[in-house]
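K.L.:
Compact mmCIF, C-alpha atoms, saved as input-v8.txt, coming up:
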```txt
# COMPACT_ATOMS: atom_id res chain seq x y z
CA MET A 9 3.02 -12.66 -59.85
CA GLY A 10 1.30 -10.03 -57.81
CA ARG A 11 -1.21 -12.57 -56.46
CA ARG A 12 1.55 -14.93 -55.50
CA LEU A 13 3.33 -12.19 -53.60
CA VAL A 14 0.16 -11.32 -51.69
CA LEU A 15 -0.42 -14.97 -50.85
CA ALA A 16 3.15 -15.38 -49.68
CA LEU A 17 2.86 -12.28 -47.58
CA LEU A 18 -0.40 -13.53 -46.06
CA LEU A 19 1.18 -16.87 -45.25
CA LEU A 20 4.10 -15.11 -43.66
CA LEU A 21 1.94 -12.78 -41.61
CA ALA A 22 -0.67 -15.29 -40.47
CA PRO A 23 1.26 -16.68 -37.49
CA ALA A 24 2.19 -13.19 -36.39
CA ALA A 25 -1.45 -12.09 -36.52
CA ALA A 26 -2.48 -15.11 -34.50
CA ALA A 27 0.19 -14.33 -31.92
CA ALA A 28 -0.99 -10.73 -31.77
CA GLN A 29 -4.53 -11.95 -31.12
CA ASP A 30 -3.32 -14.13 -28.26
CA SER A 31 -1.51 -11.27 -26.59
CA ASP A 32 -4.58 -9.05 -27.12
CA ALA A 33 -6.64 -11.43 -25.04
CA GLY A 34 -4.25 -11.06 -22.15
CA ARG A 35 -3.51 -7.37 -22.55
CA VAL A 36 -5.43 -6.22 -19.50
CA PRO A 37 -4.59 -8.56 -16.64
CA LEU A 38 -7.60 -9.81 -14.75
CA PRO A 39 -7.86 -8.33 -11.27
CA THR A 40 -6.56 -10.40 -8.42
CA ILE A 41 -9.30 -10.50 -5.84
CA VAL A 42 -7.92 -10.45 -2.34
CA LYS A 43 -9.92 -12.80 -0.16
CA GLY A 44 -11.93 -11.28 2.68
CA LYS A 45 -11.68 -12.42 6.26
CA GLY A 46 -14.84 -14.46 6.58
CA GLU A 47 -16.53 -17.39 4.90
CA ALA A 48 -18.77 -15.33 2.67
CA CYS A 49 -19.73 -11.75 1.92
CA VAL A 50 -23.01 -10.27 3.14
CA ALA A 51 -24.55 -11.12 -0.25
CA ASP A 52 -23.47 -13.39 -3.06
CA THR A 53 -20.59 -12.33 -5.27
CA ALA A 54 -22.56 -11.66 -8.46
CA TYR A 55 -24.96 -9.40 -6.58
CA MET A 56 -22.17 -7.56 -4.78
CA ARG A 57 -20.24 -7.01 -8.02
CA ARG A 58 -23.18 -5.38 -9.72
CA TYR A 59 -24.98 -3.65 -6.86
CA HIS A 60 -22.42 -2.80 -4.15
CA MET A 61 -22.59 0.91 -4.93
CA THR A 62 -26.39 0.91 -4.93
CA GLU A 63 -26.37 -0.68 -1.51
CA LEU A 64 -23.62 1.59 -0.19
CA ASP A 65 -25.41 4.68 -1.47
CA HIS A 66 -28.63 3.59 0.15
CA GLN A 67 -26.89 2.76 3.41
CA ARG A 68 -25.02 6.07 3.47
CA ASP A 69 -28.26 8.05 3.28
CA GLU A 70 -29.90 5.90 5.93
CA THR A 71 -26.96 6.32 8.28
CA MET A 72 -26.27 9.95 7.60
CA HIS A 73 -29.81 11.29 7.71
CA ARG A 74 -31.75 8.80 9.80
CA GLY A 75 -29.08 7.46 12.12
CA VAL A 76 -29.62 3.86 11.04
CA ARG A 77 -26.42 2.03 11.81
CA THR A 78 -26.98 -1.50 10.62
CA ARG A 79 -23.82 -3.21 9.55
CA LYS A 80 -24.77 -5.29 6.55
CA PHE A 81 -23.95 -2.74 3.83
CA SER A 82 -21.79 -0.41 5.90
CA LEU A 83 -18.63 0.74 4.12
CA LYS A 84 -16.79 0.48 7.43
CA GLU A 85 -17.66 -3.21 7.58
CA CYS A 86 -16.47 -3.74 3.99
CA VAL A 87 -13.12 -2.21 4.92
CA ASP A 88 -12.88 -4.16 8.19
CA CYS A 89 -13.36 -7.43 6.33
CA HIS A 90 -11.48 -6.80 3.10
CA ALA A 91 -8.39 -4.94 4.33
CA THR A 92 -5.32 -7.17 4.49
CA LEU A 93 -2.61 -7.11 7.08
CA ALA A 94 0.72 -5.73 5.96
CA PRO A 95 3.81 -7.85 6.64
CA THR A 96 5.27 -4.89 8.50
CA GLY A 97 2.23 -4.73 10.76
CA GLY A 98 -0.97 -2.70 10.49
CA TYR A 99 -3.46 -2.81 7.67
CA VAL A 100 -2.96 -2.06 4.00
CA SER A 101 -5.40 0.46 2.52
CA VAL A 102 -8.15 -1.24 0.46
CA ASN A 103 -7.52 1.60 -1.98
CA ALA A 104 -3.86 0.70 -2.50
CA PRO A 105 -2.92 -0.80 -5.89
CA GLY A 106 -3.71 -4.49 -6.03
CA GLN A 107 -5.90 -4.39 -2.94
CA PHE A 108 -9.53 -5.44 -2.83
CA CYS A 109 -11.33 -2.30 -4.01
CA ARG A 110 -8.61 -0.95 -6.22
CA SER A 111 -7.76 -4.08 -8.21
CA CYS A 112 -11.28 -4.38 -9.64
CA HIS A 113 -11.75 -0.66 -10.10
CA ASP A 114 -8.46 -0.39 -11.98
CA TYR A 115 -9.57 -3.23 -14.26
CA ALA A 116 -12.93 -1.58 -14.90
CA ALA A 117 -11.32 1.88 -15.16
CA VAL A 118 -13.69 3.34 -12.57
CA THR A 119 -12.35 5.89 -10.10
CA ILE A 120 -13.06 5.36 -6.40
CA ASP A 121 -13.98 8.55 -4.58
CA CYS A 122 -14.98 6.92 -1.29
CA PHE A 123 -11.56 7.04 0.28
CA GLN A 124 -10.97 10.73 -0.24
CA CYS A 125 -13.02 11.06 2.94
CA HIS A 126 -13.57 7.59 4.33
CA ALA A 127 -10.91 5.57 6.11
CA ALA A 128 -9.56 2.80 3.89
CA ARG A 129 -8.13 0.86 6.83
CA PRO A 130 -9.89 -0.54 9.89
CA GLY A 131 -9.43 1.79 12.85
CA GLU A 132 -7.24 0.68 15.73
CA LYS A 133 -9.97 1.32 18.24
CA GLU A 134 -12.51 -0.53 16.14
CA THR A 135 -10.23 -3.50 15.72
CA LYS A 136 -9.54 -3.66 19.43
CA ARG A 137 -13.14 -3.30 20.41
CA ALA A 138 -14.30 -5.87 17.87
CA GLY A 139 -13.97 -8.78 20.30
CA ALA A 140 -16.23 -7.23 22.93
CA PHE A 141 -18.66 -5.79 20.45
CA PRO A 142 -20.94 -8.40 18.92
CA ARG A 143 -22.50 -5.94 16.48
CA THR A 144 -19.10 -5.40 14.90
CA ALA A 145 -17.81 -8.90 15.37
CA GLY A 146 -20.66 -10.60 13.54
CA LYS A 147 -20.34 -14.05 12.15
CA PHE A 148 -17.67 -13.13 9.65
CA ARG A 149 -14.93 -11.96 11.92
CA GLN A 150 -15.50 -14.62 14.51
CA GLU A 151 -15.15 -17.33 11.91
CA SER A 152 -11.98 -15.80 10.58
CA GLU A 153 -10.50 -15.79 14.06
CA VAL A 154 -11.19 -19.48 14.39
CA GLN A 155 -9.47 -20.27 11.13
CA MET B 19 -29.38 8.92 29.10
CA THR B 20 -27.57 8.03 32.23
CA GLY B 21 -26.05 11.50 32.48
CA ARG B 22 -22.43 12.08 31.72
CA THR B 23 -20.89 9.15 33.53
CA PRO B 24 -18.15 8.08 31.16
CA GLN B 25 -19.26 4.80 29.69
CA GLN B 26 -16.07 3.05 28.81
CA GLY B 27 -17.46 -0.04 27.17
CA PHE B 28 -20.67 -0.71 25.37
CA ASP B 29 -22.83 -3.38 26.87
CA PRO B 30 -25.19 -4.90 24.31
CA GLN B 31 -26.86 -6.94 27.03
CA ARG B 32 -27.86 -3.73 28.73
CA ARG B 33 -29.10 -2.27 25.48
CA ARG B 34 -31.24 -5.32 24.83
CA PHE B 35 -32.57 -5.16 28.37
CA LEU B 36 -33.41 -1.50 27.99
CA SER B 37 -35.12 -2.10 24.66
CA ALA B 38 -37.17 -4.86 26.22
CA ALA B 39 -37.96 -2.70 29.24
CA ALA B 40 -39.02 0.17 26.99
CA ALA B 41 -41.26 -2.12 24.99
CA ALA B 42 -42.79 -3.58 28.15
CA ALA B 43 -43.38 -0.12 29.62
CA GLY B 44 -45.10 0.92 26.40
CA VAL B 45 -47.44 -2.05 26.45
CA THR B 46 -48.46 -1.62 30.07
CA LEU B 47 -48.56 2.15 30.26
CA ALA B 48 -49.82 3.58 27.03
CA PRO B 49 -49.71 1.47 23.91
CA GLY B 50 -48.18 3.47 21.13
CA VAL B 51 -47.71 7.18 21.15
CA THR B 52 -46.08 8.37 24.37
CA LEU B 53 -43.87 5.32 24.81
CA TYR B 54 -40.52 7.09 24.35
CA GLY B 55 -41.51 10.12 26.40
CA VAL B 56 -42.54 7.94 29.33
CA THR B 57 -39.49 5.73 29.60
CA ALA B 58 -36.68 7.44 31.44
CA ALA B 59 -34.06 5.35 29.71
CA GLY B 60 -35.85 5.61 26.38
CA SER B 61 -33.08 7.59 24.78
CA ALA B 62 -30.35 6.59 22.35
CA ALA B 63 -29.25 3.84 24.72
CA ALA B 64 -32.47 2.03 23.97
CA ARG B 65 -32.48 2.66 20.23
CA ALA B 66 -31.63 -0.37 18.16
CA PRO B 67 -29.16 0.19 15.29
CA GLU B 68 -31.87 -0.45 12.70
CA ASP B 69 -34.26 2.14 14.17
CA PRO B 70 -34.10 5.64 12.74
CA VAL B 71 -33.74 8.66 15.02
CA THR B 72 -36.96 10.38 15.99
CA SER B 73 -37.88 13.84 17.18
CA SER B 74 -38.92 12.38 20.54
CA VAL B 75 -35.30 13.02 21.51
CA ARG B 76 -33.65 16.43 21.43
CA TRP B 77 -29.99 16.21 22.24
CA GLY B 78 -28.66 19.09 24.25
CA LEU B 79 -25.58 20.19 26.12
CA LEU B 80 -25.37 22.30 29.23
CA VAL B 81 -22.11 24.03 30.09
CA ASP B 82 -21.63 25.31 33.62
CA VAL B 83 -19.27 28.20 33.00
CA ASN B 84 -18.38 28.48 36.71
CA LYS B 85 -16.83 25.03 36.52
CA CYS B 86 -15.02 25.66 33.25
CA ARG B 87 -11.47 26.53 34.14
CA ASP B 88 -9.46 29.20 32.39
CA GLY B 89 -6.57 27.50 30.63
CA CYS B 90 -8.12 24.04 30.59
CA ASN B 91 -8.30 22.68 27.07
CA ALA B 92 -9.40 19.10 27.77
CA CYS B 93 -12.57 19.29 25.67
CA VAL B 94 -10.74 20.68 22.65
CA THR B 95 -7.98 18.08 22.87
CA ALA B 96 -10.51 15.28 23.22
CA CYS B 97 -12.43 16.52 20.17
CA VAL B 98 -9.29 16.68 18.05
CA GLU B 99 -8.28 13.19 19.13
CA GLU B 100 -11.73 11.64 18.75
CA ASN B 101 -12.47 13.03 15.32
CA GLY B 102 -8.95 12.92 13.94
CA LEU B 103 -8.72 16.69 13.37
CA ARG B 104 -5.01 16.76 12.75
CA GLY B 105 -4.16 20.19 11.44
CA ASN B 106 -1.41 21.29 9.11
CA GLY B 107 0.00 23.84 11.52
CA ARG B 108 -2.01 26.60 9.86
CA PRO B 109 -4.52 27.81 12.46
CA GLU B 110 -6.23 30.13 9.95
CA THR B 111 -7.42 27.21 7.86
CA ASP B 112 -7.19 24.14 10.10
CA ALA B 113 -10.50 22.59 11.13
CA GLN B 114 -11.82 23.57 14.52
CA TRP B 115 -14.98 21.98 15.87
CA ILE B 116 -14.75 23.35 19.41
CA ARG B 117 -12.73 26.22 20.82
CA LYS B 118 -12.23 27.87 24.16
CA VAL B 119 -13.41 31.47 24.30
CA GLU B 120 -12.21 33.88 26.96
CA LEU B 121 -14.60 36.69 27.88
CA ARG B 122 -13.72 39.75 29.88
CA ASP B 123 -15.98 42.45 31.19
CA PRO B 124 -13.92 45.61 30.60
CA SER B 125 -15.77 47.60 33.27
CA THR B 126 -15.09 45.15 36.10
CA GLY B 127 -12.29 42.99 34.76
CA ALA B 128 -14.30 39.81 35.45
CA LYS B 129 -13.21 36.91 33.26
CA ARG B 130 -15.08 33.96 31.90
CA SER B 131 -13.83 30.95 29.97
CA LEU B 132 -16.16 28.73 28.02
CA PRO B 133 -16.17 26.17 25.20
CA LEU B 134 -17.95 27.18 22.01
CA MET B 135 -18.98 24.77 19.29
CA CYS B 136 -21.89 24.17 16.92
CA GLN B 137 -24.92 25.10 19.00
CA HIS B 138 -27.18 22.56 17.25
CA CYS B 139 -29.98 25.06 16.75
CA ALA B 140 -33.60 24.07 16.40
CA SER B 141 -33.80 26.56 13.50
CA PRO B 142 -30.29 26.44 12.09
CA PRO B 143 -29.39 29.23 9.66
CA CYS B 144 -26.76 26.97 8.08
CA VAL B 145 -29.57 24.64 7.00
CA ASP B 146 -31.66 27.54 5.72
CA VAL B 147 -28.97 28.81 3.39
CA CYS B 148 -27.50 25.53 2.14
CA PRO B 149 -28.12 25.44 -1.62
CA THR B 150 -27.79 21.66 -1.96
CA GLY B 151 -29.42 20.31 1.18
CA ALA B 152 -26.09 19.05 2.51
CA SER B 153 -26.46 20.96 5.75
CA PHE B 154 -29.32 19.38 7.63
CA ARG B 155 -30.80 18.87 11.06
CA ARG B 156 -31.37 15.29 12.14
CA ALA B 157 -34.69 14.47 13.77
CA ASP B 158 -33.03 14.27 17.19
CA GLY B 159 -31.68 17.81 16.87
CA ILE B 160 -28.10 17.14 15.76
CA VAL B 161 -27.05 19.47 12.94
CA LEU B 162 -24.76 17.78 10.43
CA VAL B 163 -23.20 18.20 7.00
CA ASP B 164 -23.79 15.45 4.47
CA LYS B 165 -20.42 15.67 2.76
CA HIS B 166 -21.66 13.51 -0.10
CA ILE B 167 -23.84 16.45 -1.12
CA CYS B 168 -21.73 19.39 0.12
CA ILE B 169 -20.20 21.39 -2.74
CA GLY B 170 -18.01 23.47 -0.45
CA CYS B 171 -19.66 26.82 -1.18
CA ARG B 172 -19.24 27.88 2.48
CA TYR B 173 -22.49 29.79 2.58
CA CYS B 174 -23.28 28.01 5.88
CA MET B 175 -20.06 29.32 7.37
CA LEU B 176 -21.19 32.86 6.64
CA ALA B 177 -24.67 32.21 7.97
CA CYS B 178 -23.59 30.68 11.29
CA PRO B 179 -23.57 33.34 14.01
CA TYR B 180 -21.36 31.13 16.20
CA LYS B 181 -18.54 30.76 13.66
CA ALA B 182 -18.79 27.05 14.29
CA ARG B 183 -17.95 25.61 10.90
CA SER B 184 -14.69 24.91 9.15
CA PHE B 185 -13.87 24.37 5.51
CA ILE B 186 -11.35 21.70 4.68
CA HIS B 187 -8.75 23.25 2.40
CA GLU B 188 -6.29 20.42 2.13
CA VAL B 189 -6.26 16.70 1.47
CA VAL B 190 -7.04 14.73 4.61
CA GLU B 191 -5.45 11.36 5.29
CA ASP B 192 -5.82 8.69 7.95
CA GLN B 193 -9.33 9.67 8.93
CA LYS B 194 -11.10 7.87 11.73
CA PRO B 195 -13.44 5.23 10.30
CA TYR B 196 -16.41 6.75 12.13
CA ALA B 197 -15.58 10.35 11.19
CA PRO B 198 -15.11 10.69 7.41
CA ARG B 199 -13.59 14.03 6.43
CA GLY B 200 -12.31 15.31 3.13
CA LYS B 201 -11.06 18.25 1.13
CA GLY B 202 -13.59 20.65 -0.31
CA THR B 203 -16.33 20.16 2.24
CA VAL B 204 -17.52 22.03 5.31
CA GLU B 205 -17.68 20.37 8.69
CA SER B 206 -18.46 21.15 12.31
CA CYS B 207 -19.17 19.58 15.68
CA THR B 208 -21.39 16.51 15.26
CA PHE B 209 -22.07 16.06 18.99
CA CYS B 210 -19.96 12.94 18.33
CA VAL B 211 -22.96 11.46 16.56
CA HIS B 212 -21.24 8.07 16.22
CA ARG B 213 -20.93 7.89 20.00
CA VAL B 214 -24.41 9.24 20.67
CA ASP B 215 -25.87 6.56 18.38
CA GLU B 216 -24.12 3.97 20.54
CA GLY B 217 -25.59 5.45 23.71
CA ARG B 218 -22.39 7.20 24.74
CA THR B 219 -21.73 10.89 25.41
CA PRO B 220 -19.61 13.20 23.22
CA ALA B 221 -15.84 13.04 23.67
CA CYS B 222 -15.62 16.59 25.06
CA VAL B 223 -18.16 15.84 27.78
CA GLU B 224 -16.32 12.69 28.79
CA ALA B 225 -12.96 14.49 28.78
CA CYS B 226 -14.34 17.33 30.88
CA ALA B 227 -15.56 14.89 33.52
CA GLU B 228 -12.25 13.03 33.46
CA ALA B 229 -10.29 16.25 33.81
CA GLY B 230 -12.30 16.98 36.95
CA GLY B 231 -14.05 19.97 35.43
CA ASP B 232 -17.47 18.37 35.36
CA ALA B 233 -18.72 21.45 33.54
CA MET B 234 -20.61 19.71 30.72
CA THR B 235 -23.87 17.79 30.87
CA PHE B 236 -25.10 16.04 27.76
CA GLY B 237 -28.54 14.53 27.43
CA ASP B 238 -32.06 14.51 26.09
CA LEU B 239 -33.81 17.85 26.57
CA ASN B 240 -37.15 16.22 25.76
CA ASP B 241 -36.85 13.71 28.58
CA PRO B 242 -37.98 15.39 31.83
CA ASN B 243 -36.07 12.81 33.86
CA SER B 244 -32.70 13.34 32.19
CA ARG B 245 -30.03 15.13 34.20
CA ILE B 246 -29.81 17.97 31.71
CA SER B 247 -33.58 18.58 31.75
CA LYS B 248 -33.60 18.69 35.55
CA GLN B 249 -30.72 21.15 35.61
CA VAL B 250 -32.23 23.32 32.91
CA ALA B 251 -35.49 23.37 34.87
CA ALA B 252 -33.82 24.10 38.21
CA TYR B 253 -31.34 26.80 37.21
CA VAL B 254 -31.34 29.83 35.00
CA THR B 255 -29.44 29.00 31.83
CA ASP B 256 -28.62 31.09 28.78
CA GLN B 257 -28.47 30.50 25.10
CA ILE B 258 -25.94 32.52 23.17
CA ARG B 259 -27.64 35.16 21.03
CA PRO B 260 -31.18 34.22 22.07
CA ASP B 261 -32.31 37.33 20.16
CA LEU B 262 -31.78 35.43 16.92
CA GLY B 263 -34.50 32.95 17.88
CA LEU B 264 -32.50 29.93 16.78
CA ASP B 265 -33.15 27.91 19.97
CA PRO B 266 -29.69 26.36 20.31
CA GLY B 267 -29.39 22.93 21.91
CA VAL B 268 -26.29 24.10 23.76
CA ARG B 269 -27.01 26.15 26.87
CA TYR B 270 -24.74 27.91 29.33
CA ARG B 271 -25.16 28.33 33.06
CA ASN B 272 -23.50 31.13 35.08
CA LEU B 273 -22.54 32.91 31.92
```
Translate the structure of the given file into structure tokens.
P.N.:
Amino acid sequence: MGRRLVLALLLLLAPAAAAAQDSDAGRVPLPTIVKGKGEACVADTAYMRRYHMTELDHQRDETMHRGVRTRKFSLKECVDCHATLAPTGGYVSVNAPGQFCRSCHDYAAVTIDCFQCHAARPGEKETKRAGAFPRTAGKFRQESEVQ
Amino acid sequence: MTGRTPQQGFDPQRRRFLSAAAAAAGVTLAPGVTLYGVTAAGSAAARAPEDPVTSSVRWGLLVDVNKCRDGCNACVTACVEENGLRGNGRPETDAQWIRKVELRDPSTGAKRSLPLMCQHCASPPCVDVCPTGASFRRADGIVLVDKHICIGCRYCMLACPYKARSFIHEVVEDQKPYAPRGKGTVESCTFCVHRVDEGRTPACVEACAEAGGDAMTFGDLNDPNSRISKQVAAYVTDQIRPDLGLDPGVRYRNL
């Protein structure tokens, strides 16, 4: 009798357990990656996902202490490329929920400290000057303007 | 440096030309060592973005106090605008990178008005006392705070005889992309390092020239052909508190 009851219970619960497993798989929604402006990032996606902080840390020391201002791994360039335009005009902060930096960091539960000090939107002046400033413009922005 | 002529735009063609000219001069004149010292234009304007700063350049600023008008605040306004130093209406704690100081000789009543900012010392006490190495002097003489390392202890503020540094007490928003600033760190005049690295002059110097004051000359003190070096050689100029032996990069004329 007891065995039968257990079996019946198991049979009853099985679909529910399966359903629970399904919803478990989708519990944390995958981040939506907002597309950047250009064709491709400065390095391939897998590399950037794993090593962007290493590169940014290295670049920050080079720029801060040695005055090296190359643009490849500059945080300013990341923001210029990955910030999206708001429908109301102006740029949305890359640190806003759902935006490029934040969506992934929320998923991975890693806090971003960068934007406590650094601008999370491209500057007006920078944006304006971009056209006449090949070092800023680079291949990425020019391509995005063509599109 | 081409003196303090306000350079509105940045001309990469010119930079490339200057780099090429500097290289050519080095090859023909003296291969190697004295290249940067020889070339008159061999300052930041000729430095490529991937080249680190070197001690062949020493950035300096000369203020002609006779030309600095009492009541004129153009340099301060320009600094605030350039670096995004929006305050919270609390002057005791708001950041201040440059300020106008009024001096008066009580025996004669003579008045003087001058801008005072980080003096970019050759031997900066703020660097000496910094426990983390955040406060540092760049090879070209610009004294900066690496806010990634700064713990906000404010020892440098106590050490600075010019009262040049500010602590950021409150959350900062909408910073300029080229001037990151944040709560809990110390900051001061950077000689507009982002502009200097592009071959431009600091915002205060540009604003002073535009306001018709023409009291500030920015340039390379190591380059004998720069305007500042010629002026420093031709006229008597003062450093503030020379007795401390800090060798500030900012000098004053007619003080």
K.L.:
Given a cut-off of 10 Å, which residues of chain B touch chain A, counting all atoms listed in the file, written out as a PyMOL selection string?
P.N.:
chain B and resi 27-30+65-72+154-158+162-166+189-201+203+211-212+214-216
K.L.:
Neighbouring residues of Val147 in chain B were defined as those with any atom within 12 Å, considering all atoms listed in the file; residues of the same chain fewer than 3 positions away were excluded. Please report them as a count of residues only.
P.N.:
17
K.L.:
To one decimal in Å, tell me the separation between CA of Cys109 in chain A and CA of Ile167 in chain B.
P.N.:
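For CA of Cys109 in chain A relative to CA of Ile167 in chain B, the distance reads 22.7 Å.
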K.L.:
What is the CA of Asp232 in chain B to CA of Ala182 in chain B distance in Å?
P.N.:
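Calculated distance between CA of Asp232 in chain B and CA of Ala182 in chain B is 22.8 Å.
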K.L.:
Just to confirm, what's the straight-line distance from CA of Gln249 in chain B to CA of Pro179 in chain B in Å (one decimal)?
P.N.:
25.8 Å
K.L.:
Using all atoms listed in the file, which residues sit within 9 Å of Ser184 in chain B once same-chain residues fewer than 3 positions away are excluded, as a list in words?
P.N.:
Thr111, Asp112, Ala113, Gln114, Trp115, Arg172, Met175, Lys181, Thr203, Val204, Glu205 and Ser206 of chain B
K.L.:
Rank B:Ser73, B:Gln257, B:Asn240, B:Gln137 by their smallest atom-to-atom distance to Thr208 in chain B, using only C-alpha atoms, and report the top residue only.
P.N.:
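Checking each candidate against Thr208 in chain B, we get B:Gln137 as the closest.
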K.L.:
Compare B:Tyr180, B:Ile169, B:Arg104, B:Asn84 by their minimum atom-to-atom distance to Arg259 in chain B, counting all atoms listed in the file, and give me the closest one.
P.N.:
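Smallest separation from Arg259 in chain B among the options: B:Tyr180.
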